[in-house]
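**Student:** Here it is: the structure, laid out below.
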Amino acid sequence: MKRKLFDKDLYLEAMRQLRTPGIFFLVVNALAAILITMGRWVTELEFVANRPGMLPLTWDPMIMQPLLFTGFFLIAPVLTLRIFNFTRDRKGSDFYHALPETRLCIFFSFYAAVLTYLTVIIMGTGILAGLSTYFYPGWFQFSWADLLTYAFSMLVTSFYVAAAVACGTFLSGTAFTNIAVALLLIFAPRLILLVFTMNVGYACPVLNTDYLPFVFSYQYNMVFGLVGNFFSSLSLNVVYSWPSIWYTLVIGVIYTACAALLFHFRKSEAAGVAAPNRFLGAVYRLTVTFVFCLIPITLIFQSVKGGRSMSSVEIFQLVVLYIVAVIIFFAYELIASRKVASLVKALPSLVFVPVLNVAALVVLFSVVSMVNGYRPEASEISAVRIVEGMGGSEDYFQQMISKADLKDEACRKAASEGLKRMLEMKQSSLYNEGYDMYTVAIKTGAGWKYRNIALSDEEVLSLSESLNGSDIIKDVYMNLPKAGMGSGVNVLTQDAASLSTEDRMNLYETMRQEVQEMGFDAWYRYLQTFYGENVPLDTMVVTVTRSGKSGSFRVPIKPEMPKTFERYCALRIAGTGVDNALAFIERLNKADNYTYANMTVSVWDYTEKPYEQFYLTYAISGGGEPGVFYNQYNGDKAPLGTQPMSDLLKELSGMKSEGSAIGSRIIMIQFNGAAYSRYYSDSDTEDNYFNEDMCFRVEGDLPKALELFDSDPKYREKYGDDVPAVTEYAE
């Protein structure tokens with residue numbers, strides 16, 4: 001009796017048939033997982049030998065195991081084409097069709113073998129890449145959540161490609177047409193949508209294409225998104241987007257179901273022929289040709305919508321492009337069928353090429369007319385949301401506030417008038433007359449529609465007043481998201497690269513608690529007056545990722561938020577590495593080749609209001625003779641050499657670090673340089689380069705060594721005119 005969906009023996013036979021390519025890809029990916037980690041360790045070994053403060057090194061999972069990308073563009077197609085190669089050979093096709101198993105059983109048993117190899121290769125070597133870092137304790141820092149997400153997204157993408165290749169295999173009977181049809185299934189629908197969307201966006205400035213339904217976004221298709229981002233130099237972080245992963249998985253399941261049905265109804269006679277019938281052969285030819293015709297279609301459409309007639313050169317280009325399209329039409333048929341006589345049979349279907357081009361232009365002009373015809377009156381609008389314009393599309397608060405429904409008459413009228421203004425006036429006129437561009441969501445009886453509108457200053461003010469009166473703005477600003485594993489919250493500090501991830505998260509939590517104590521009015525005012533009377537000691541940059549979309553906000557670290565300010569200073573001071581800096585100065589003194597050292601000192605005076613900031617520098621260079629240095633500013637000999645830098649560090653290291661930063665002076669030091677020697681022994685692993693950020697708290701007088709630093713006029717004015725500049729003592 002025939003089994004229905006799966007047979008173990010068939011599955012094992014498929015595993016055996018795929019063992020050569022499967023094991024080869026597994027070994028290559030496994031070696032990459034191990035050797036890439038080892039290679040970075042070897043590369044960085046000398047660099048961090050005397051810099052333990054640099055560890056652990058942060059590592060992006062995509063760099064840890066880049067060969068996972070081969071899963072979708074190499075491994076999945078090769079395995080799928082290999083296991084179903086009998087569909088391209090009449091004898092092999094007859095054999096498998098004669099088996100006492102159902103077609104579905106054969107398909108799912110063989111397809112399961114492909115998915116098994118893909119899972120072992122991608123997930124297995126992805127995990128192996130993470131485990132390989134444990135052979136170098138304390139060296140590498142990465143997120144297991146990101147690594148597993150990356151590996152799973154590559155598995156889903158490979159599953160999608162395998163399903164598309166299976167469909168292409170069952171819709172044709174030669175290796176060329178298998179690949180061609182599979183590529184059409186993967187890329188053609190999304191490419192056609194992308195070109196149509198871009199053209200409509202070009203013709204309709206009122207339409208923000210970023211807010212079209214998700215099916216129009218190329219990012220949701222993982223393959224198309226990765227390929228598009230790779231060639232456009234955009235971020236490849238689409239691999240971490242769960243909406244894109246789920247969308248691709250759903251399409252993969254649909255393609256798998258289609259492949260199963262196609263195999264079930266496929267005739268054995270289809271093996272070895274370009275297409276099962278003449279109709280499908282014509283569809284393939286026309287689709288390939290139409291994809292190329294998107295280029296001349298775009299030229300014609302944009303010329304018409306741009307309000308200009310085509311030049312003779314552009315007309316000639318169109319003629320050439322359509323000649324090329326005809327060549328592609330016949331070339332595909334010739335390569336697919338390998339018979340010159342088939343070109344004559346294909347000739348009648350050529351008439352559909354201009355028909356499809358005209359149809360595409362009609363669709364484009366119709367969509368543009370429909371978009372521009374949306375002009376609701378204020379009375380027809382029930383609510384308005386501000387999506388972009390008061391902080392940018394990447395502003396976290398703006399993203400959250402965009403969910404607020406504004407229903408008062410002034411907002412509805414502003415949206416209606418702004419939309420009409422955007423439709424009726426030229427872009428240059430809108431900018432010249434001082435209108436502000438906003439993206440809003442407008443709700444009418446037809447639902448929500450996103451549009452770009454042009455607002456006057458008075459209309460912007462009315463929107464702001466309405467928004468500020470909404471409860472949602474207080475809720476967004478006061479209820480900041482919690483940080484933690486899987487929270488989607490990432491915290492960076494602009495100047496303090498030395499702070500660990502844990503330190504930054506603790507600082508963020510301190511800030512969240514202090515926000516609750518401040519209250520909405522004080523917190524909102526604090527963010528709006530970013531600099532105010534005090535320059536921030538540093539800036540906390542918080543990025544929140546939700547549903548694949550990221551938004552950021554910046555929090556200045558100033559005494560007005562005393563708890564956050566004190567916590568930041570304590571963390572920075574605790575992480576200061578004076579010993580490393582002094583050791584590097586010793587290497588500077590001994591080096592007998594090119595050397596340089598730059599020490600930039602920022603003095604933040606919090607002893608009295610108004611708080612002030614001063615900058616001081618000391619920069620020297622040398623070469624050829626140990627201990628001989630020159631002023632980098634004027635080239636004169638610097639007799640004091642490295643002494644001012646070492647004296648300053650020694651003075652600061654002996655000062656008390658505990659206590660309040662407010663009421664003290666905070667000294668930030670950025671110290672970088674290089675020390676080369678002519679000869680090195682094999683055992684010499686000292687680092688040539690040096691870079692260190694340090695922080696100190698000072699009570700009472702400033703260190704005496706600062707008198708030997710070049711300073712700005714404000715510093716000398718406050719702390720004494722007798723403070724010399726570097727150029728004065730270097731002589």
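Residue numbers start at 1 in each chain; chains themselves are named A, B, ... in the order of the structure tokens; ligands are numbered from 1 in the order shown.
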Please provide the set of residues having any atom within 9 Å of segment 133-137 of chain A, restricted to only C-alpha atoms, with same-chain residues fewer than 4 positions apart removed, written as JSON, numbers by chain.
**Tutor:** {"A": [34, 37, 38, 41, 56, 128, 129, 141]}
**Student:** When you look at Asp210 of chain A with a cut-off of 12 Å (counting only C-alpha atoms), what residues show up, excluding the ones that are within fewer than 3 positions of it in the same chain? I need them as number ranges by chain.
**Tutor:** A: 194, 197-198, 201, 207, 213-219, 387-388, 393, 439, 450-452, 549
**Student:** Can those selected residues be exported to a file as an mmCIF file, in the first residue's frame so that it contains C-alpha atoms?
**Tutor:**
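And here's result_30.cif as it stands now:
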data_model
loop_
_atom_site.group_PDB
_atom_site.id
_atom_site.type_symbol
_atom_site.label_atom_id
_atom_site.label_comp_id
_atom_site.auth_asym_id
_atom_site.auth_seq_id
_atom_site.Cartn_x
_atom_site.Cartn_y
_atom_site.Cartn_z
ATOM 1 C CA LEU A 194 9.858 47.953 -6.711
ATOM 2 C CA THR A 197 6.615 51.878 -6.534
ATOM 3 C CA MET A 198 9.644 54.011 -7.393
ATOM 4 C CA GLY A 201 6.805 57.907 -5.839
ATOM 5 C CA LEU A 207 3.214 59.972 -1.454
ATOM 6 C CA PRO A 213 1.702 48.393 2.810
ATOM 7 C CA PHE A 214 4.466 45.924 3.638
ATOM 8 C CA VAL A 215 3.980 43.947 0.405
ATOM 9 C CA PHE A 216 5.453 46.929 -1.475
ATOM 10 C CA SER A 217 8.630 47.006 0.624
ATOM 11 C CA TYR A 218 11.505 45.063 -0.905
ATOM 12 C CA GLN A 219 13.075 44.690 2.565
ATOM 13 C CA VAL A 387 4.375 60.434 11.376
ATOM 14 C CA GLU A 388 7.460 62.450 10.400
ATOM 15 C CA SER A 393 11.620 59.087 10.960
ATOM 16 C CA THR A 439 4.406 63.097 6.715
ATOM 17 C CA TYR A 450 -0.048 58.291 4.555
ATOM 18 C CA ARG A 451 0.746 61.526 2.747
ATOM 19 C CA ASN A 452 3.422 64.212 2.613
ATOM 20 C CA LYS A 549 12.170 49.367 12.959
#
**Student:** For the alpha helix (DSSP H) assignment from backbone DSSP, which residues of segment 407-649 of chain A qualify? Please present them as an NGL selection string.
**Tutor:** :A and (409-424 or 427-432 or 457-468 or 471-478 or 501-518 or 520-528 or 562-574 or 578-590 or 643-649)
**Student:** Find the residues around segment 162-175 of chain A up to 7 Å (only C-alpha atoms counted), leave out those fewer than 5 positions away in its own chain, and share them as a PyMOL selection string.
**Tutor:** chain A and resi 76-77+80+87-88+181-182+185-186+252+255-256+258-259+262-263+266+270-276
**Student:** In Å, how far is it from atom CA of Ser158 of chain A to atom CA of Leu118 of chain A?
**Tutor:** 7.4 Å
**Student:** Under the rule that only C-alpha atoms are counted, which of A:Val304, A:Ala188, A:Met64, A:Leu226 is the nearest residue to Asp146 of chain A?
**Tutor:**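 Among the listed residues, the smallest separation from Asp146 of chain A belongs to A:Met64.
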